[in-house]
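Undergrad: Structure supplied as upload.cif; contents: mmCIF, C-alpha atoms and all ligand atoms.
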```cif
data_work
#
loop_
_atom_site.group_PDB
_atom_site.id
_atom_site.type_symbol
_atom_site.label_atom_id
_atom_site.label_comp_id
_atom_site.auth_asym_id
_atom_site.auth_seq_id
_atom_site.Cartn_x
_atom_site.Cartn_y
_atom_site.Cartn_z
ATOM 1 C CA MET A 2 -31.464 -21.889 -79.261
ATOM 2 C CA LYS A 3 -29.538 -20.195 -82.070
ATOM 3 C CA ALA A 4 -26.562 -18.401 -80.517
ATOM 4 C CA PHE A 5 -24.208 -15.787 -81.929
ATOM 5 C CA VAL A 6 -20.930 -14.298 -80.700
ATOM 6 C CA THR A 7 -19.604 -10.820 -81.383
ATOM 7 C CA CYS A 8 -16.757 -8.782 -79.946
ATOM 8 C CA TYR A 9 -14.389 -5.907 -80.553
ATOM 9 C CA SER A 10 -10.688 -6.684 -80.339
ATOM 10 C CA ARG A 11 -7.859 -4.217 -80.953
ATOM 11 C CA THR A 12 -4.960 -6.640 -80.467
ATOM 12 C CA GLY A 13 -6.538 -10.099 -80.787
ATOM 13 C CA THR A 14 -7.025 -11.194 -77.156
ATOM 14 C CA THR A 15 -10.802 -10.748 -76.959
ATOM 15 C CA LEU A 16 -11.123 -12.213 -80.456
ATOM 16 C CA LYS A 17 -9.344 -15.392 -79.301
ATOM 17 C CA VAL A 18 -11.904 -15.846 -76.511
ATOM 18 C CA ALA A 19 -14.795 -15.085 -78.880
ATOM 19 C CA GLU A 20 -13.567 -17.733 -81.303
ATOM 20 C CA GLU A 21 -13.264 -20.323 -78.528
ATOM 21 C CA ILE A 22 -16.788 -19.563 -77.267
ATOM 22 C CA ALA A 23 -18.252 -19.712 -80.798
ATOM 23 C CA ARG A 24 -16.458 -23.015 -81.463
ATOM 24 C CA ALA A 25 -17.777 -24.521 -78.214
ATOM 25 C CA LEU A 26 -21.315 -23.281 -78.891
ATOM 26 C CA GLY A 27 -21.083 -24.370 -82.547
ATOM 27 C CA CYS A 28 -22.318 -20.978 -83.712
ATOM 28 C CA ASP A 29 -21.319 -18.081 -85.977
ATOM 29 C CA MET A 30 -19.342 -15.071 -84.853
ATOM 30 C CA GLU A 31 -18.523 -11.643 -86.252
ATOM 31 C CA GLN A 32 -15.948 -9.136 -85.138
ATOM 32 C CA ILE A 33 -16.985 -5.514 -84.611
ATOM 33 C CA ILE A 34 -14.899 -3.380 -86.991
ATOM 34 C CA THR A 35 -14.283 0.322 -86.490
ATOM 35 C CA ARG A 36 -14.384 2.856 -89.320
ATOM 36 C CA ASP A 37 -11.920 5.221 -87.632
ATOM 37 C CA ASP A 38 -9.442 2.905 -85.870
ATOM 38 C CA PRO A 39 -6.762 5.014 -84.166
ATOM 39 C CA GLY A 40 -4.043 2.426 -84.949
ATOM 40 C CA LYS A 41 -1.965 -0.037 -82.938
ATOM 41 C CA GLY A 42 0.880 2.161 -81.681
ATOM 42 C CA VAL A 43 1.230 4.360 -78.592
ATOM 43 C CA ILE A 44 -0.828 7.160 -80.176
ATOM 44 C CA GLY A 45 -3.575 4.633 -80.962
ATOM 45 C CA PHE A 46 -3.494 3.360 -77.363
ATOM 46 C CA LEU A 47 -3.777 6.877 -75.947
ATOM 47 C CA THR A 48 -6.497 7.884 -78.410
ATOM 48 C CA ALA A 49 -8.534 4.765 -77.626
ATOM 49 C CA GLY A 50 -8.167 5.331 -73.870
ATOM 50 C CA MET A 51 -9.149 8.987 -74.177
ATOM 51 C CA ASN A 52 -12.127 8.106 -76.407
ATOM 52 C CA SER A 53 -13.275 5.613 -73.790
ATOM 53 C CA ILE A 54 -13.026 8.105 -70.927
ATOM 54 C CA LEU A 55 -14.799 10.804 -72.950
ATOM 55 C CA ASP A 56 -17.298 8.346 -74.488
ATOM 56 C CA ALA A 57 -16.323 9.756 -77.893
ATOM 57 C CA GLY A 58 -15.191 8.737 -81.351
ATOM 58 C CA MET A 59 -14.763 5.363 -83.084
ATOM 59 C CA LYS A 60 -17.635 4.724 -85.459
ATOM 60 C CA VAL A 61 -18.400 1.037 -86.079
ATOM 61 C CA ARG A 62 -19.251 -0.699 -89.322
ATOM 62 C CA ARG A 63 -22.717 -2.207 -89.567
ATOM 63 C CA LEU A 64 -22.623 -5.928 -88.636
ATOM 64 C CA GLU A 65 -23.284 -8.297 -91.525
ATOM 65 C CA HIS A 66 -25.228 -10.764 -89.363
ATOM 66 C CA ASP A 67 -28.716 -10.042 -88.067
ATOM 67 C CA LEU A 68 -28.265 -10.107 -84.285
ATOM 68 C CA GLU A 69 -31.976 -9.799 -83.604
ATOM 69 C CA SER A 70 -32.719 -13.154 -85.268
ATOM 70 C CA HIS A 71 -30.617 -15.011 -82.680
ATOM 71 C CA GLY A 72 -31.956 -16.383 -79.390
ATOM 72 C CA LEU A 73 -28.736 -15.599 -77.544
ATOM 73 C CA VAL A 74 -26.057 -13.017 -78.375
ATOM 74 C CA VAL A 75 -22.710 -13.222 -76.555
ATOM 75 C CA ILE A 76 -20.875 -9.885 -76.551
ATOM 76 C CA GLY A 77 -17.198 -9.411 -75.684
ATOM 77 C CA THR A 78 -15.111 -6.318 -74.997
ATOM 78 C CA PRO A 79 -11.610 -5.461 -73.854
ATOM 79 C CA VAL A 80 -11.515 -3.266 -70.712
ATOM 80 C CA TRP A 81 -10.509 0.285 -71.656
ATOM 81 C CA ALA A 82 -9.822 2.777 -68.874
ATOM 82 C CA GLY A 83 -11.919 0.600 -66.556
ATOM 83 C CA ARG A 84 -14.874 0.742 -68.940
ATOM 84 C CA ILE A 85 -16.431 -0.869 -72.025
ATOM 85 C CA SER A 86 -14.404 -0.265 -75.207
ATOM 86 C CA ASN A 87 -16.059 2.406 -77.372
ATOM 87 C CA PRO A 88 -16.887 0.151 -80.345
ATOM 88 C CA VAL A 89 -18.766 -2.304 -78.084
ATOM 89 C CA ARG A 90 -20.514 0.567 -76.308
ATOM 90 C CA LYS A 91 -21.807 1.741 -79.683
ATOM 91 C CA ILE A 92 -23.125 -1.740 -80.558
ATOM 92 C CA LEU A 93 -24.845 -2.061 -77.171
ATOM 93 C CA GLU A 94 -26.573 1.276 -77.767
ATOM 94 C CA VAL A 95 -27.669 0.288 -81.296
ATOM 95 C CA PHE A 96 -29.261 -2.946 -80.012
ATOM 96 C CA HIS A 97 -30.764 -1.501 -76.815
ATOM 97 C CA GLY A 98 -33.941 -3.453 -76.004
ATOM 98 C CA LYS A 99 -33.740 -5.460 -79.246
ATOM 99 C CA LEU A 100 -32.118 -8.767 -78.184
ATOM 100 C CA SER A 101 -33.894 -11.588 -76.385
ATOM 101 C CA LYS A 102 -31.003 -13.089 -74.371
ATOM 102 C CA VAL A 103 -27.466 -11.810 -73.851
ATOM 103 C CA ALA A 104 -24.225 -12.859 -72.136
ATOM 104 C CA PHE A 105 -21.076 -10.747 -71.719
ATOM 105 C CA PHE A 106 -17.354 -11.376 -71.515
ATOM 106 C CA SER A 107 -14.289 -9.189 -71.190
ATOM 107 C CA THR A 108 -10.518 -9.413 -71.305
ATOM 108 C CA TYR A 109 -8.281 -7.137 -69.260
ATOM 109 C CA GLY A 110 -4.645 -6.406 -68.442
ATOM 110 C CA MET A 111 -4.956 -5.403 -64.782
ATOM 111 C CA ALA A 112 -8.509 -5.700 -63.462
ATOM 112 C CA CYS A 113 -12.079 -5.910 -64.698
ATOM 113 C CA PRO A 114 -14.337 -3.760 -62.495
ATOM 114 C CA ALA A 115 -17.704 -5.321 -61.568
ATOM 115 C CA SER A 116 -19.313 -2.117 -62.850
ATOM 116 C CA LEU A 117 -18.273 -3.021 -66.431
ATOM 117 C CA PHE A 118 -20.927 -5.730 -66.809
ATOM 118 C CA ASP A 119 -23.507 -3.550 -65.029
ATOM 119 C CA GLU A 120 -22.792 -0.806 -67.577
ATOM 120 C CA MET A 121 -23.106 -3.309 -70.449
ATOM 121 C CA ALA A 122 -26.493 -4.467 -69.082
ATOM 122 C CA ARG A 123 -27.708 -0.870 -68.788
ATOM 123 C CA LYS A 124 -26.554 0.002 -72.315
ATOM 124 C CA ILE A 125 -28.296 -2.977 -73.936
ATOM 125 C CA GLY A 126 -31.295 -2.888 -71.602
ATOM 126 C CA LYS A 127 -31.017 -6.524 -70.548
ATOM 127 C CA GLU A 128 -29.458 -8.522 -67.696
ATOM 128 C CA PRO A 129 -26.964 -11.132 -68.931
ATOM 129 C CA ILE A 130 -27.446 -14.874 -68.480
ATOM 130 C CA ASP A 131 -23.807 -15.050 -67.401
ATOM 131 C CA THR A 132 -20.582 -13.028 -67.521
ATOM 132 C CA LEU A 133 -16.919 -13.959 -67.849
ATOM 133 C CA ALA A 134 -13.789 -11.838 -67.297
ATOM 134 C CA LEU A 135 -10.367 -13.163 -68.290
ATOM 135 C CA HIS A 136 -6.917 -11.711 -67.739
ATOM 136 C CA VAL A 137 -4.834 -11.481 -70.915
ATOM 137 C CA ASP A 138 -2.367 -14.030 -69.445
ATOM 138 C CA GLU A 139 -5.177 -16.554 -68.911
ATOM 139 C CA VAL A 140 -6.111 -16.168 -72.572
ATOM 140 C CA ASN A 141 -2.605 -16.375 -73.991
ATOM 141 C CA SER A 142 -1.501 -19.303 -71.798
ATOM 142 C CA GLY A 143 -4.716 -21.272 -72.381
ATOM 143 C CA ARG A 144 -5.322 -21.346 -68.600
ATOM 144 C CA GLY A 145 -8.631 -19.557 -69.178
ATOM 145 C CA SER A 146 -10.122 -22.439 -71.185
ATOM 146 C CA GLU A 147 -11.736 -24.089 -68.155
ATOM 147 C CA LYS A 148 -13.536 -20.835 -67.273
ATOM 148 C CA ILE A 149 -14.604 -20.449 -70.910
ATOM 149 C CA MET A 150 -16.052 -23.974 -70.943
ATOM 150 C CA ALA A 151 -17.950 -23.377 -67.670
ATOM 151 C CA PHE A 152 -19.349 -20.135 -69.170
ATOM 152 C CA VAL A 153 -20.405 -22.000 -72.332
ATOM 153 C CA GLU A 154 -22.091 -24.772 -70.311
ATOM 154 C CA THR A 155 -24.190 -22.141 -68.483
ATOM 155 C CA LEU A 156 -25.164 -20.607 -71.825
ATOM 156 C CA LYS A 157 -26.120 -24.002 -73.264
ATOM 157 C CA ARG A 158 -28.463 -24.590 -70.309
ATOM 158 C CA ALA A 159 -30.147 -21.193 -70.741
HETATM 159 C C1 LIG B 201 -6.846 2.094 -74.499
HETATM 160 C C2 LIG B 201 -6.670 0.936 -73.581
HETATM 161 C C3 LIG B 201 -7.052 1.051 -72.253
HETATM 162 C C4 LIG B 201 -6.943 -0.038 -71.383
HETATM 163 N N1 LIG B 201 -7.357 0.104 -70.092
HETATM 164 C C5 LIG B 201 -7.328 -0.972 -69.251
HETATM 165 C C6 LIG B 201 -7.854 -0.871 -67.924
HETATM 166 O O1 LIG B 201 -8.350 0.158 -67.474
HETATM 167 N N2 LIG B 201 -7.778 -1.963 -67.122
HETATM 168 C C7 LIG B 201 -7.239 -3.144 -67.554
HETATM 169 O O2 LIG B 201 -7.222 -4.092 -66.789
HETATM 170 N N3 LIG B 201 -6.747 -3.271 -68.818
HETATM 171 C C8 LIG B 201 -6.786 -2.227 -69.676
HETATM 172 N N4 LIG B 201 -6.300 -2.337 -70.960
HETATM 173 C C9 LIG B 201 -5.762 -3.626 -71.396
HETATM 174 C C10 LIG B 201 -6.757 -4.418 -72.224
HETATM 175 O O3 LIG B 201 -8.009 -4.500 -71.585
HETATM 176 C C11 LIG B 201 -6.256 -5.856 -72.467
HETATM 177 O O4 LIG B 201 -4.968 -5.855 -72.982
HETATM 178 C C12 LIG B 201 -7.212 -6.601 -73.396
HETATM 179 O O5 LIG B 201 -7.021 -7.980 -73.245
HETATM 180 C C13 LIG B 201 -6.982 -6.211 -74.858
HETATM 181 O O6 LIG B 201 -7.905 -6.906 -75.657
HETATM 182 P P1 LIG B 201 -7.755 -6.980 -77.258
HETATM 183 O O7 LIG B 201 -6.422 -7.626 -77.540
HETATM 184 O O8 LIG B 201 -8.887 -7.832 -77.677
HETATM 185 O O9 LIG B 201 -7.820 -5.604 -77.798
HETATM 186 C C14 LIG B 201 -6.390 -1.263 -71.852
HETATM 187 C C15 LIG B 201 -5.993 -1.361 -73.193
HETATM 188 C C16 LIG B 201 -6.141 -0.294 -74.052
HETATM 189 C C17 LIG B 201 -5.731 -0.432 -75.501
#
```
Represent the structure of the file as structure tokens.

TA:
Amino acid sequence: MKAFVTCYSRTGTTLKVAEEIARALGCDMEQIITRDDPGKGVIGFLTAGMNSILDAGMKVRRLEHDLESHGLVVIGTPVWAGRISNPVRKILEVFHGKLSKVAFFSTYGMACPASLFDEMARKIGKEPIDTLALHVDEVNSGRGSEKIMAFVETLKRA
């Protein structure tokens, strides 16, 4: 099955996980890029959080890869204000009902609510094969690699 990995990442944590998953699956990946990124500073943090709460702002660039031609699409998001980051929410809405199999992952600084993956499933109109949530420390220390490999093994069996 031809797999593909995509994610949004503001500060590189979710991207690191996406790259590790894509490497382990031996597949392509593409980062979701915003057209109106609020920036990396405090103002950017507050704007992103507010956008997430209000479900507003942050237009995304069209992905170069054709997601619909892949048998499995793995989608990753950072947790923003307890929810899906806006750029990923937009992508999920664009591909609602259009993908055959999906899996989700997230990275977070405090906690990943169970409702996050439920919301992702609702937005894309499909239940995931598997989900994975990693704390930023697990990603940066490499301690999360075992969980990533277990996630990948489940996806390979799907
Ligand atoms: C606007 C904003 C809101 C966030 N809200 C939460 C949150 O509600 N819960 C949480 O655990 N982490 C939260 N975080 C932390 C991120 O989820 C965490 O640092 C994540 O790994 C960042 O991923 P990235 O480096 O790929 O952007 C927030 C970060 C930002 C920028």

Undergrad: Run the PyMOL selection byres (((not hetatm)) within 6 of (chain B and resi 201)) mentally over the shown coordinates, then write out the matched residues as a ChimeraX atom specification, using the chain letters and numbers from the document.

TA: /A:10-16,46-47,49-50,79-83,108-113,137

Undergrad: Starting from the displayed file, determine the output of the PyMOL selection byres (((chain A and resi 60) around 9) and not hetatm) and express the residue list as a PDB file with C-alpha atoms, in the coordinates of the input.

TA:
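Contents of result03.pdb, freshly written:
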```
ATOM      1  CA  ILE A  34     -14.899  -3.380 -86.991  1.00  0.00           C
ATOM      2  CA  THR A  35     -14.283   0.322 -86.490  1.00  0.00           C
ATOM      3  CA  ARG A  36     -14.384   2.856 -89.320  1.00  0.00           C
ATOM      4  CA  ASP A  37     -11.920   5.221 -87.632  1.00  0.00           C
ATOM      5  CA  ASP A  38      -9.442   2.905 -85.870  1.00  0.00           C
ATOM      6  CA  GLY A  58     -15.191   8.737 -81.351  1.00  0.00           C
ATOM      7  CA  MET A  59     -14.763   5.363 -83.084  1.00  0.00           C
ATOM      8  CA  VAL A  61     -18.400   1.037 -86.079  1.00  0.00           C
ATOM      9  CA  ARG A  62     -19.251  -0.699 -89.322  1.00  0.00           C
ATOM     10  CA  ASN A  87     -16.059   2.406 -77.372  1.00  0.00           C
ATOM     11  CA  PRO A  88     -16.887   0.151 -80.345  1.00  0.00           C
ATOM     12  CA  LYS A  91     -21.807   1.741 -79.683  1.00  0.00           C
TER      13      LYS A  91
END
```

Undergrad: I'd like to see the residues matched by the PyMOL selection byres (((chain A and resi 98-104) around 8) and not hetatm) on this file, and ideally I'd get them as a PyMOL selection string.

TA: chain A and resi 68-69+71-76+96-97+105-106+125-132+156

Undergrad: Using C-alpha atoms, can you write the selected residues to a file as a compact mmCIF listing (two decimals), in the coordinates of the input?

TA:
```
# COMPACT_ATOMS: atom_id res chain seq x y z
CA LEU A 68 -28.26 -10.11 -84.28
CA GLU A 69 -31.98 -9.80 -83.60
CA HIS A 71 -30.62 -15.01 -82.68
CA GLY A 72 -31.96 -16.38 -79.39
CA LEU A 73 -28.74 -15.60 -77.54
CA VAL A 74 -26.06 -13.02 -78.38
CA VAL A 75 -22.71 -13.22 -76.56
CA ILE A 76 -20.88 -9.88 -76.55
CA PHE A 96 -29.26 -2.95 -80.01
CA HIS A 97 -30.76 -1.50 -76.82
CA PHE A 105 -21.08 -10.75 -71.72
CA PHE A 106 -17.35 -11.38 -71.52
CA ILE A 125 -28.30 -2.98 -73.94
CA GLY A 126 -31.30 -2.89 -71.60
CA LYS A 127 -31.02 -6.52 -70.55
CA GLU A 128 -29.46 -8.52 -67.70
CA PRO A 129 -26.96 -11.13 -68.93
CA ILE A 130 -27.45 -14.87 -68.48
CA ASP A 131 -23.81 -15.05 -67.40
CA THR A 132 -20.58 -13.03 -67.52
CA LEU A 156 -25.16 -20.61 -71.82
```

Undergrad: Mind giving me the straight-line distance from atom CA of A:Ile22 to atom CA of A:Gly45 in Å, one decimal?

TA: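 Going from atom CA of A:Ile22 over to atom CA of A:Gly45 covers 27.8 Å.
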
Undergrad: Near A:Leu26, counting only C-alpha atoms, which residues have an atom at most 8 Å away, once you skip same-chain residues fewer than 2 positions from it, shown as a PDB file with C-alpha atoms, in the frame of the given file?

TA:
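Written output follows (part_39.pdb):
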```pdb
ATOM      1  CA  ALA A   4     -26.562 -18.401 -80.517  1.00  0.00           C
ATOM      2  CA  ILE A  22     -16.788 -19.563 -77.267  1.00  0.00           C
ATOM      3  CA  ALA A  23     -18.252 -19.712 -80.798  1.00  0.00           C
ATOM      4  CA  ARG A  24     -16.458 -23.015 -81.463  1.00  0.00           C
ATOM      5  CA  CYS A  28     -22.318 -20.978 -83.712  1.00  0.00           C
ATOM      6  CA  VAL A 153     -20.405 -22.000 -72.332  1.00  0.00           C
ATOM      7  CA  LYS A 157     -26.120 -24.002 -73.264  1.00  0.00           C
TER       8      LYS A 157
END
```

Undergrad: Which residue, A:Val140, A:Ile85, A:Val43, A:Ala19, has the smallest gap to A:Thr7 when you use all atoms listed in the file?

TA: A:Ala19

Undergrad: List as an MDAnalysis selection string: which residues have an atom within 8 Å of (-15.5, -13.9, -65.7), counting only C-alpha atoms?

TA: chainID A and resid 106:107 132:135 148

Undergrad: Go ahead and save the picked residues with C-alpha atoms, as a PDB file, keeping the file's coordinate frame.

TA:
```pdb
ATOM      1  CA  PHE A 106     -17.354 -11.376 -71.515  1.00  0.00           C
ATOM      2  CA  SER A 107     -14.289  -9.189 -71.190  1.00  0.00           C
ATOM      3  CA  THR A 132     -20.582 -13.028 -67.521  1.00  0.00           C
ATOM      4  CA  LEU A 133     -16.919 -13.959 -67.849  1.00  0.00           C
ATOM      5  CA  ALA A 134     -13.789 -11.838 -67.297  1.00  0.00           C
ATOM      6  CA  LEU A 135     -10.367 -13.163 -68.290  1.00  0.00           C
ATOM      7  CA  LYS A 148     -13.536 -20.835 -67.273  1.00  0.00           C
TER       8      LYS A 148
END
```

Undergrad: The centre and edge lengths of an axis-aligned box containing all atoms of stretch 65-79 of chain A present in the file, extended by 8 Å on each side, are to be given in Å to one decimal, as JSON.

TA:
```
{"center_x": -22.2, "center_y": -10.9, "center_z": -82.7, "size_x": 37.1, "size_y": 26.9, "size_z": 33.7}
```

Undergrad: At a cut-off of 7 Å, using only C-alpha atoms, what residues contact A:Lys124? Leave out same-chain residues fewer than 3 positions from it and give the result as a list in words.

TA: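 Everything that qualifies: Leu93, Glu94, His97, Glu120 and Met121 of chain A.
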